[in-house]
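Printed here is entry_23.txt (compact mmCIF, C-alpha atoms):
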```
# COMPACT_ATOMS: atom_id res chain seq x y z
CA MET O 1 37.99 22.20 44.30
CA ASN O 2 37.68 25.83 43.26
CA ILE O 3 35.58 26.44 46.35
CA LEU O 4 38.52 25.41 48.65
CA ARG O 5 41.26 27.11 46.59
CA ASN O 6 40.27 30.72 47.39
CA PRO O 7 40.19 30.38 51.24
CA PHE O 8 43.48 28.46 51.18
CA ARG O 9 45.13 31.12 48.97
CA THR O 10 43.92 33.92 51.32
CA CYS O 11 45.29 32.12 54.38
CA VAL O 12 48.66 31.56 52.79
CA ARG O 13 48.91 35.19 51.63
CA ARG O 14 48.13 36.49 55.15
CA THR O 15 50.72 34.18 56.66
CA PHE O 16 53.50 35.44 54.37
CA ALA O 17 52.43 39.09 54.93
CA THR O 18 52.61 38.97 58.74
CA ALA O 19 55.63 36.72 59.12
CA ARG O 20 58.99 38.22 60.17
CA PRO O 21 61.41 38.44 57.24
CA TYR O 22 64.51 36.32 57.42
CA VAL O 23 67.74 38.23 58.07
CA PRO O 24 71.08 36.43 57.84
CA PRO O 25 73.10 36.49 61.09
CA ALA O 26 76.08 38.10 59.35
CA GLN O 27 74.06 41.25 58.69
CA LEU O 28 73.21 41.68 62.39
CA GLU O 29 76.83 42.45 63.32
CA ASP O 30 77.84 46.10 63.94
CA VAL O 31 74.28 47.36 63.63
CA GLN O 32 73.65 50.97 64.77
CA PRO O 33 70.65 51.64 67.03
CA ALA O 34 67.45 52.75 65.40
CA PHE O 35 67.29 56.09 67.34
CA THR O 36 70.11 58.56 67.74
CA GLY O 37 69.92 61.34 70.32
CA ARG O 38 70.25 65.06 69.70
CA HIS O 39 73.96 65.16 70.42
CA GLY O 40 74.80 62.03 68.42
CA ASP O 41 74.52 59.71 71.44
CA ALA O 42 72.53 56.53 71.22
CA GLY O 43 69.13 57.17 72.71
CA ASP O 44 69.23 54.40 75.30
CA ALA O 45 69.23 51.59 72.73
CA SER O 46 69.97 48.99 75.38
CA ALA O 47 67.10 47.54 77.30
CA ASP O 48 66.43 49.08 80.70
CA SER O 49 66.00 46.53 83.45
CA SER O 50 63.88 48.88 85.58
CA THR O 51 61.37 49.45 82.76
CA GLY O 52 61.03 45.79 81.89
CA GLY O 53 63.25 45.87 78.82
CA ARG O 54 61.48 48.77 77.16
CA ARG O 55 63.59 51.21 75.17
CA ARG O 56 63.53 54.93 75.97
CA ARG O 57 62.97 56.93 72.82
CA GLY O 58 63.51 60.50 74.25
CA PRO O 59 66.89 62.32 74.54
CA VAL O 60 68.91 62.32 77.76
CA PRO O 61 67.86 65.33 79.89
CA PRO O 62 70.64 67.84 80.74
CA ALA O 63 72.30 67.65 84.12
CA SER O 64 71.51 71.28 85.03
CA PRO O 65 68.05 72.86 84.95
CA SER O 66 69.74 76.04 83.66
CA PHE O 67 71.08 74.25 80.59
CA TYR O 68 68.75 76.02 78.18
CA THR O 69 69.49 79.52 79.55
CA THR O 70 72.16 81.77 78.10
CA ARG O 71 74.21 81.73 81.34
CA PRO O 72 73.91 78.29 82.96
CA GLU O 73 77.02 78.69 85.16
CA TYR O 74 75.77 81.98 86.60
CA TYR O 75 72.29 80.71 87.40
CA ASP O 76 73.68 77.48 88.85
CA GLN O 77 75.91 79.45 91.22
CA VAL O 78 73.04 81.73 92.24
CA ALA O 79 70.82 78.71 92.87
CA GLN O 80 73.53 77.12 95.01
CA LEU O 81 73.89 80.31 97.08
CA GLU O 82 70.12 80.55 97.58
CA LYS O 83 70.05 76.90 98.61
CA ALA O 84 72.88 77.51 101.10
CA ILE O 85 71.00 80.49 102.56
CA SER O 86 67.82 78.45 102.93
CA SER O 87 69.51 75.44 104.54
CA THR O 88 71.60 77.63 106.89
CA GLY O 89 68.54 79.60 107.96
CA ASN O 90 66.67 76.39 108.75
CA ALA O 91 69.64 75.06 110.72
CA LEU O 92 69.90 78.27 112.77
CA ARG O 93 66.17 78.18 113.47
CA ARG O 94 66.46 74.63 114.76
CA VAL O 95 69.04 75.75 117.33
CA GLN O 96 66.90 78.79 118.29
CA LEU O 97 69.30 81.39 116.83
CA LEU O 98 66.78 82.85 114.41
CA PRO O 99 64.94 85.16 114.40
CA LEU O 100 67.51 87.28 116.26
CA PRO O 101 66.40 90.43 118.15
CA ALA O 102 67.67 93.78 116.94
CA PHE O 103 69.76 94.48 120.06
CA ALA O 104 71.44 91.06 119.80
CA ARG O 105 72.18 91.54 116.10
CA ALA O 106 73.70 94.97 116.82
CA SER O 107 76.04 93.45 119.43
CA LEU O 108 77.54 90.93 117.01
CA PRO O 109 81.22 91.44 116.12
CA VAL O 110 81.65 93.22 112.83
CA VAL O 111 83.16 91.14 110.02
CA HIS O 112 84.06 93.31 107.04
CA PRO O 113 83.77 91.23 103.87
CA VAL O 114 85.79 92.17 100.80
CA TRP O 115 84.29 90.43 97.79
CA LYS O 116 85.91 89.97 94.42
CA THR O 117 85.53 92.67 91.82
CA LYS O 118 83.24 92.41 88.81
CA GLU O 119 86.13 91.35 86.60
CA GLU O 120 87.14 88.58 89.00
CA MET O 121 83.53 87.49 89.36
CA SER O 122 83.22 87.32 85.57
CA SER O 123 85.96 84.72 85.41
CA GLU O 124 84.44 82.90 88.39
CA PHE O 125 80.96 82.71 86.83
CA GLN O 126 82.24 82.32 83.23
CA THR O 127 80.01 85.14 82.01
CA LYS O 128 80.05 88.91 81.78
CA MET O 129 79.13 90.34 85.17
CA THR O 130 76.90 93.38 84.83
CA LEU O 131 76.21 95.70 87.74
CA SER O 132 72.78 94.21 88.43
CA ARG O 133 74.13 90.63 88.46
CA TYR O 134 77.05 91.66 90.65
CA ARG O 135 74.70 93.33 93.13
CA LYS O 136 72.51 90.26 93.24
CA VAL O 137 75.46 87.99 94.01
CA THR O 138 76.91 90.33 96.66
CA LYS O 139 73.48 90.63 98.29
CA LEU O 140 73.32 86.85 98.68
CA LEU O 141 76.90 86.77 99.97
CA ASN O 142 76.18 89.48 102.54
CA GLU O 143 73.22 87.46 103.80
CA LEU O 144 75.45 84.41 104.15
CA ASN O 145 78.02 86.57 105.94
CA ASP O 146 75.37 87.64 108.48
CA TYR O 147 74.55 83.98 109.13
CA TYR O 148 78.27 83.29 109.56
CA ARG O 149 78.55 86.04 112.18
CA ILE O 150 75.64 84.56 114.12
CA ALA O 151 76.95 80.99 113.95
CA ASN O 152 80.52 81.98 114.80
CA THR O 153 79.46 84.07 117.80
CA ALA O 154 77.11 81.36 119.08
CA GLY O 155 79.82 78.72 118.76
CA VAL O 156 78.07 76.51 116.20
CA ALA O 157 81.30 75.20 114.69
CA GLU O 158 79.82 72.99 111.98
CA ILE O 159 77.72 75.76 110.41
CA SER O 160 80.45 78.38 110.72
CA ARG O 161 83.04 76.12 109.06
CA SER O 162 80.78 75.32 106.13
CA LEU O 163 79.88 79.00 105.63
CA GLU O 164 83.52 80.03 105.89
CA GLY O 165 84.39 77.59 103.10
CA ILE O 166 81.69 79.07 100.86
CA LEU O 167 82.55 82.70 101.58
CA SER O 168 86.29 82.17 101.07
CA ILE O 169 85.62 81.27 97.42
CA PHE O 170 84.21 84.72 96.69
CA GLU O 171 86.54 86.79 98.90
CA SER O 172 89.16 88.95 97.23
CA SER O 173 92.81 88.00 97.47
CA LYS O 174 93.59 91.62 98.42
CA LYS O 175 91.38 91.55 101.52
CA ASP O 176 94.19 92.07 104.04
CA ALA O 177 95.66 95.00 102.12
CA TYR O 178 92.22 96.57 101.70
CA LEU O 179 91.38 96.30 105.40
CA ALA O 180 94.79 97.69 106.37
CA ARG O 181 94.10 100.94 104.52
CA GLY O 182 93.65 103.96 106.76
CA LYS O 183 95.24 102.27 109.76
CA ARG O 184 98.19 104.20 111.10
CA LYS O 185 101.29 102.11 111.62
CA LYS O 186 102.45 102.13 115.21
CA VAL O 187 105.71 103.98 115.77
CA GLU O 188 108.31 101.85 117.51
CA LEU O 189 111.33 103.04 119.47
CA ASP O 190 114.81 101.84 118.59
CA VAL O 191 117.40 100.41 120.97
CA TYR O 192 118.41 103.92 122.07
CA GLY O 193 114.86 105.01 122.84
CA ARG O 194 114.57 107.24 119.77
CA SER O 195 111.42 107.69 117.75
CA TYR O 196 111.30 108.48 114.04
CA THR O 197 108.21 110.15 112.59
CA VAL O 198 107.27 112.04 109.45
CA GLY O 199 105.08 115.15 109.45
CA LYS O 200 103.52 116.93 106.47
CA ARG O 201 101.83 120.24 105.81
CA LYS O 202 101.00 121.74 102.40
CA THR O 203 103.97 120.84 100.18
CA SER O 204 106.43 120.60 103.09
CA SER O 205 107.63 117.48 104.85
CA ALA O 206 109.62 116.98 108.04
CA ARG O 207 111.52 113.96 109.32
CA VAL O 208 111.72 114.11 113.10
CA TRP O 209 113.87 112.17 115.57
CA MET O 210 113.07 112.50 119.29
CA ILE O 211 115.01 111.13 122.26
CA PRO O 212 114.37 111.72 125.98
CA VAL O 213 116.81 113.90 127.87
CA GLN O 214 119.25 111.90 130.01
CA HIS O 215 119.20 113.22 133.60
CA PRO O 216 122.55 112.95 135.41
CA ALA O 217 122.66 111.01 138.68
CA LEU O 218 122.49 113.28 141.75
CA GLU O 219 125.49 113.07 144.09
CA GLU O 220 124.87 112.99 147.84
CA THR O 221 126.49 115.88 149.75
CA ARG O 222 128.75 114.69 152.57
CA PRO O 223 130.07 116.88 155.43
CA SER O 224 133.71 117.89 155.43
CA GLU O 225 136.09 115.26 156.67
CA ALA O 226 138.03 117.95 158.52
CA ALA O 227 135.11 118.78 160.79
CA SER O 228 135.28 117.02 164.14
CA GLU O 229 132.51 114.93 165.56
CA GLY O 230 131.43 117.58 168.06
CA GLU O 231 131.40 120.47 165.64
CA ILE O 232 128.35 121.38 163.63
CA SER O 233 128.90 122.33 160.05
CA THR O 234 127.81 125.88 159.37
CA SER O 235 127.96 125.59 155.58
CA THR O 236 124.31 125.08 154.62
CA THR O 237 124.57 126.16 150.99
CA PRO O 238 122.73 123.52 148.90
CA THR O 239 124.45 121.99 145.95
CA PRO O 240 122.76 123.30 142.79
CA ASN O 241 121.21 120.63 140.59
CA PRO O 242 122.11 121.00 136.93
CA ILE O 243 119.13 121.97 134.81
CA PRO O 244 118.91 119.74 131.74
CA THR O 245 119.01 121.63 128.49
CA THR O 246 117.05 120.52 125.46
CA THR O 247 117.74 121.26 121.85
CA ILE O 248 115.52 121.53 118.80
CA LEU O 249 117.70 121.44 115.72
CA VAL O 250 116.17 122.02 112.30
CA ASN O 251 118.49 121.16 109.41
CA ASN O 252 121.37 121.29 111.92
CA ILE O 253 120.41 124.86 112.87
CA PRO O 254 118.78 125.92 116.17
CA MET O 255 115.07 126.50 115.89
CA ASN O 256 115.18 130.19 116.86
CA GLU O 257 117.68 130.85 114.07
CA PHE O 258 115.89 128.80 111.42
CA PHE O 259 112.40 130.23 112.09
CA PHE O 260 112.47 133.99 112.58
CA LEU O 261 108.72 134.49 113.02
CA PRO O 262 107.41 133.95 116.57
CA ALA O 263 104.21 132.41 115.16
CA ASP O 264 106.22 129.63 113.53
CA ARG O 265 108.09 128.89 116.77
CA GLU O 266 104.83 128.85 118.74
CA ARG O 267 103.34 126.43 116.23
CA ILE O 268 106.29 124.07 116.68
CA THR O 269 106.27 124.09 120.49
CA ARG O 270 102.47 123.80 120.84
CA PRO O 271 102.40 119.95 120.99
CA LEU O 272 105.08 120.05 123.70
CA LYS O 273 103.11 122.59 125.75
CA VAL O 274 99.81 120.73 125.39
CA ALA O 275 101.44 117.50 126.60
CA GLY O 276 103.39 119.30 129.35
CA VAL O 277 106.70 117.84 128.21
CA LEU O 278 108.48 121.03 127.20
CA GLY O 279 112.17 120.44 127.86
CA LYS O 280 111.84 116.66 128.14
CA TYR O 281 113.03 115.63 124.66
CA ASN O 282 115.85 116.48 122.33
CA ILE O 283 114.48 116.96 118.82
CA PHE O 284 116.34 116.75 115.53
CA ALA O 285 114.50 117.42 112.28
CA ILE O 286 115.11 117.68 108.55
CA VAL O 287 112.56 119.77 106.67
CA ARG O 288 112.13 120.04 102.92
CA GLY O 289 109.86 121.92 100.54
CA GLY O 290 107.45 124.83 100.88
CA GLY O 291 107.91 127.93 103.01
CA THR O 292 108.35 128.61 106.70
CA THR O 293 104.63 128.24 107.46
CA GLY O 294 104.40 124.83 105.82
CA GLN O 295 107.69 123.67 107.29
CA SER O 296 106.72 124.71 110.82
CA GLY O 297 103.35 122.95 110.45
CA ALA O 298 105.03 119.79 109.17
CA LEU O 299 107.52 119.88 112.06
CA ALA O 300 104.69 120.30 114.60
CA HIS O 301 102.86 117.35 113.03
CA GLY O 302 105.96 115.15 113.30
CA ILE O 303 106.63 116.22 116.91
CA ALA O 304 103.04 115.41 117.91
CA LYS O 305 103.32 111.91 116.42
CA GLY O 306 106.65 111.41 118.20
CA ILE O 307 105.19 112.42 121.58
CA VAL O 308 102.38 109.88 121.12
CA ALA O 309 105.01 107.22 120.35
CA HIS O 310 106.83 107.95 123.62
CA GLU O 311 103.68 108.47 125.72
CA PRO O 312 100.72 106.48 124.29
CA ASP O 313 98.36 107.78 127.00
CA LEU O 314 98.29 111.15 125.23
CA GLU O 315 96.90 109.73 122.00
CA THR O 316 93.27 110.54 122.85
CA LEU O 317 94.17 114.07 123.96
CA PHE O 318 96.14 114.75 120.80
CA ARG O 319 93.39 113.32 118.62
CA LYS O 320 90.82 115.64 120.20
CA ALA O 321 93.19 118.58 119.80
CA LYS O 322 93.74 117.54 116.14
CA LEU O 323 97.50 117.62 116.59
CA THR O 324 98.15 114.21 115.04
CA ARG O 325 95.83 114.91 112.10
CA ARG O 326 97.45 115.89 108.84
CA ASP O 327 96.10 119.29 107.75
CA PRO O 328 94.51 118.60 104.34
CA ARG O 329 94.28 122.22 103.24
CA MET O 330 96.26 123.03 100.12
CA VAL O 331 96.74 126.12 98.00
CA GLU O 332 93.93 126.51 95.50
CA ARG O 333 95.12 126.53 91.92
CA LYS O 334 95.07 129.60 89.69
CA LYS O 335 92.29 129.72 87.10
CA THR O 336 92.60 130.81 83.52
CA GLY O 337 91.30 134.35 83.02
CA LEU O 338 91.67 135.26 86.70
CA ALA O 339 94.49 137.14 88.38
CA LYS O 340 94.84 134.49 91.11
CA ALA O 341 92.84 131.55 92.37
CA ARG O 342 89.75 133.71 92.92
CA LYS O 343 90.88 137.29 92.37
CA ARG O 344 89.57 138.85 89.18
CA TYR O 345 90.95 141.63 87.08
CA THR O 346 89.46 145.10 87.44
CA TRP O 347 86.64 145.67 84.99
CA VAL O 348 87.30 148.58 82.65
CA LYS O 349 84.47 150.10 80.65
CA ARG O 350 86.66 151.33 77.77
```
Structure translated into structure tokens:
Amino acid sequence: MNILRNPFRTCVRRTFATARPYVPPAQLEDVQPAFTGRHGDAGDASADSSTGGRRRRGPVPPASPSFYTTRPEYYDQVAQLEKAISSTGNALRRVQLLPLPAFARASLPVVHPVWKTKEEMSSEFQTKMTLSRYRKVTKLLNELNDYYRIANTAGVAEISRSLEGILSIFESSKKDAYLARGKRKKVELDVYGRSYTVGKRKTSSARVWMIPVQHPALEETRPSEAASEGEISTSTTPTPNPIPTTTILVNNIPMNEFFFLPADRERITRPLKVAGVLGKYNIFAIVRGGGTTGQSGALAHGIAKGIVAHEPDLETLFRKAKLTRRDPRMVERKKTGLAKARKRYTWVKR
């Protein structure tokens, strides 16, 4: 009997050691999963049908590969731009638009992009935009802009529309105002045919109104009614045509009375002589500031712009003669310790 007791006792002990303990059903309610992820989420406690009911013990991977960098938004945007460049280049190669010869690339219409500033880019990328990062982004955008020029010129509408949508995100809202800088506004004539221009020189300014001279209608000369049909009129004196007179008024004063120096008067009439329209326009001007030299230069500048408004064909001639260009020369300022701008005091030994 003792011989059978020991094996039986060992078998019973092993059975109780390996058996699953009994847990009441009430304790299985509202049980938390055994593994909790890094961010407090349950680490896939439910069984996965694709893995045959096995539980995944690792944490959920982040959605972005740049999650563990210090600037995930910036690197995600850069990666998206690089991906757009790669896909667009492949699409253009499939339609035989790349590689483009140098002469064909030079003939493409110029599209001047105006990108957002560093401060605006910082809010767009949600990180501080340093100069190196800003240059990297603008370099990628310029490459996309070149692809847009090629696709738009070739008429590939699908690629050009997609690139236009990407580039519009990074374009500045002040693009139109920035591109309009330096462009001279075209002078328009009013209902009476007058032009209004502004000329400047040094510290002087001149407001100029120009209107063409109205020529009177010529009357036909008829023979005297008293002369008979057989008689020949001996009066062959031609009827003199009235010569139109023009006026140049400066501050409601004739030009020769306002400017006493002949050099000033020659400077004013030079645009009229170059264009060959001396005596064709009545000119009224209001000048302010500076001296006679600056005022005469400002008046000549305004007259030249007015002539171009009336006769646009003379614009190239006036540009070559530098008549419509504002003279940028100004008086140099006086320096401390000098008598004038550059004049020095006489050196005295004692």
Practice item. With a distance cut-off of 12 Å and all atoms listed in the file, select the neighbouring residues of O:Ile85, excluding the residue or stretch itself and same-chain residues fewer than 2 positions from it, and output the selection as a list in words. Key: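 So the residues in contact are Val78, Ala79, Gln80, Leu81, Glu82, Lys83, Ser87, Thr88, Gly89, Asn90, Ala91, Leu92, Lys139, Leu140, Leu141, Asn142, Glu143, Leu144, Asn145, Asp146, Tyr147, Tyr148, Ile159, Ser162, Leu163, Ile166 and Leu167 of chain O.
Among the candidate residues O:Arg184, O:Arg161, O:Lys280, O:Arg149, the one lying nearest to O:Ile211 is O:Lys280, with distances computed using all atoms listed in the file.
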Check your understanding: How many Å separate atom CA of O:Thr127 from atom CA of O:Tyr74?
Key ->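 Atom CA of O:Tyr74 lies at a distance of 7.0 Å from atom CA of O:Thr127.
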Check your understanding: How many Å lie between atom CA of O:Asn256 and atom CA of O:His215, rounded to one decimal?
Key ->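 Value for the atom CA of O:Asn256-atom CA of O:His215 distance: 24.2 Å.
The gap separating atom CA of O:Ser195 from atom CA of O:Thr269 is 17.4 Å, in Å to one decimal.
The shortest atom-to-atom distance to O:Ala180, with all atoms listed in the file taken into account, belongs to O:His112 out of O:His112, O:Arg133, O:Arg201, O:Arg194.
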Would you mind listing what lies within 12 Å of stretch 100-103 of chain O as a short mmCIF file (atom, residue, chain, number, x, y, z; two decimals) with C-alpha atoms, in the frame of the given file, with only C-alpha atoms counted and same-chain residues fewer than 2 positions away left out?
```cif
data_model
loop_
_atom_site.label_atom_id
_atom_site.label_comp_id
_atom_site.auth_asym_id
_atom_site.auth_seq_id
_atom_site.Cartn_x
_atom_site.Cartn_y
_atom_site.Cartn_z
CA GLY O 89 68.54 79.60 107.96
CA LEU O 92 69.90 78.27 112.77
CA ARG O 93 66.17 78.18 113.47
CA VAL O 95 69.04 75.75 117.33
CA GLN O 96 66.90 78.79 118.29
CA LEU O 97 69.30 81.39 116.83
CA LEU O 98 66.78 82.85 114.41
CA ARG O 105 72.18 91.54 116.10
CA ALA O 106 73.70 94.97 116.82
CA SER O 107 76.04 93.45 119.43
CA LEU O 108 77.54 90.93 117.01
CA ASP O 146 75.37 87.64 108.48
CA TYR O 147 74.55 83.98 109.13
CA ARG O 149 78.55 86.04 112.18
CA ILE O 150 75.64 84.56 114.12
CA ALA O 151 76.95 80.99 113.95
CA ALA O 154 77.11 81.36 119.08
#
```
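If all atoms listed in the file are the atoms counted, then among O:Pro254, O:Gly199, O:Pro262, O:Pro24 the closest residue to O:Ala300 is O:Gly199.
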Check your understanding: With distances taken over all atoms listed in the file, which of O:Leu338, O:Thr247, O:Ala84, O:Lys186 is nearest to O:Gly165?
Key ->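 Smallest distance to O:Gly165 is found for O:Ala84.
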**Study point:** From O:Lys185, O:Lys174, O:Arg270, O:Arg326, residue lying nearest O:Ser204 [all atoms listed in the file]
**Key:**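 Answer, going by the shortest atom-to-atom distance: O:Arg326.
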Point to revise | All residues 12 Å or closer to stretch 323-325 of chain O, all atoms listed in the file, same chain fewer than 3 positions away omitted, as a ChimeraX atom specification | key: /O:184,197-201,267-275,297-309,314-320,328-329
Exercise for review: Rank O:Ser172, O:Ala285, O:Val191, O:Ala263 by their smallest atom-to-atom distance to O:Ala206, using only C-alpha atoms, and report the top residue only.
Suggested key: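 For O:Ala206, the nearest of the candidates is O:Ala285.
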Practice item. Within 8 Å of (110.2, 128.6, 111.7) (coordinates as in the file), grab all the protein and nucleic acid residues, counting all atoms listed in the file, and write them out as a list in words. Key: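 Every polymer residue passing the test: Met255, Asn256, Phe258, Phe259, Phe260, Leu261, Pro262, Ala263, Asp264, Arg265, Ile268, Thr292, Thr293, Gln295 and Ser296 of chain O.
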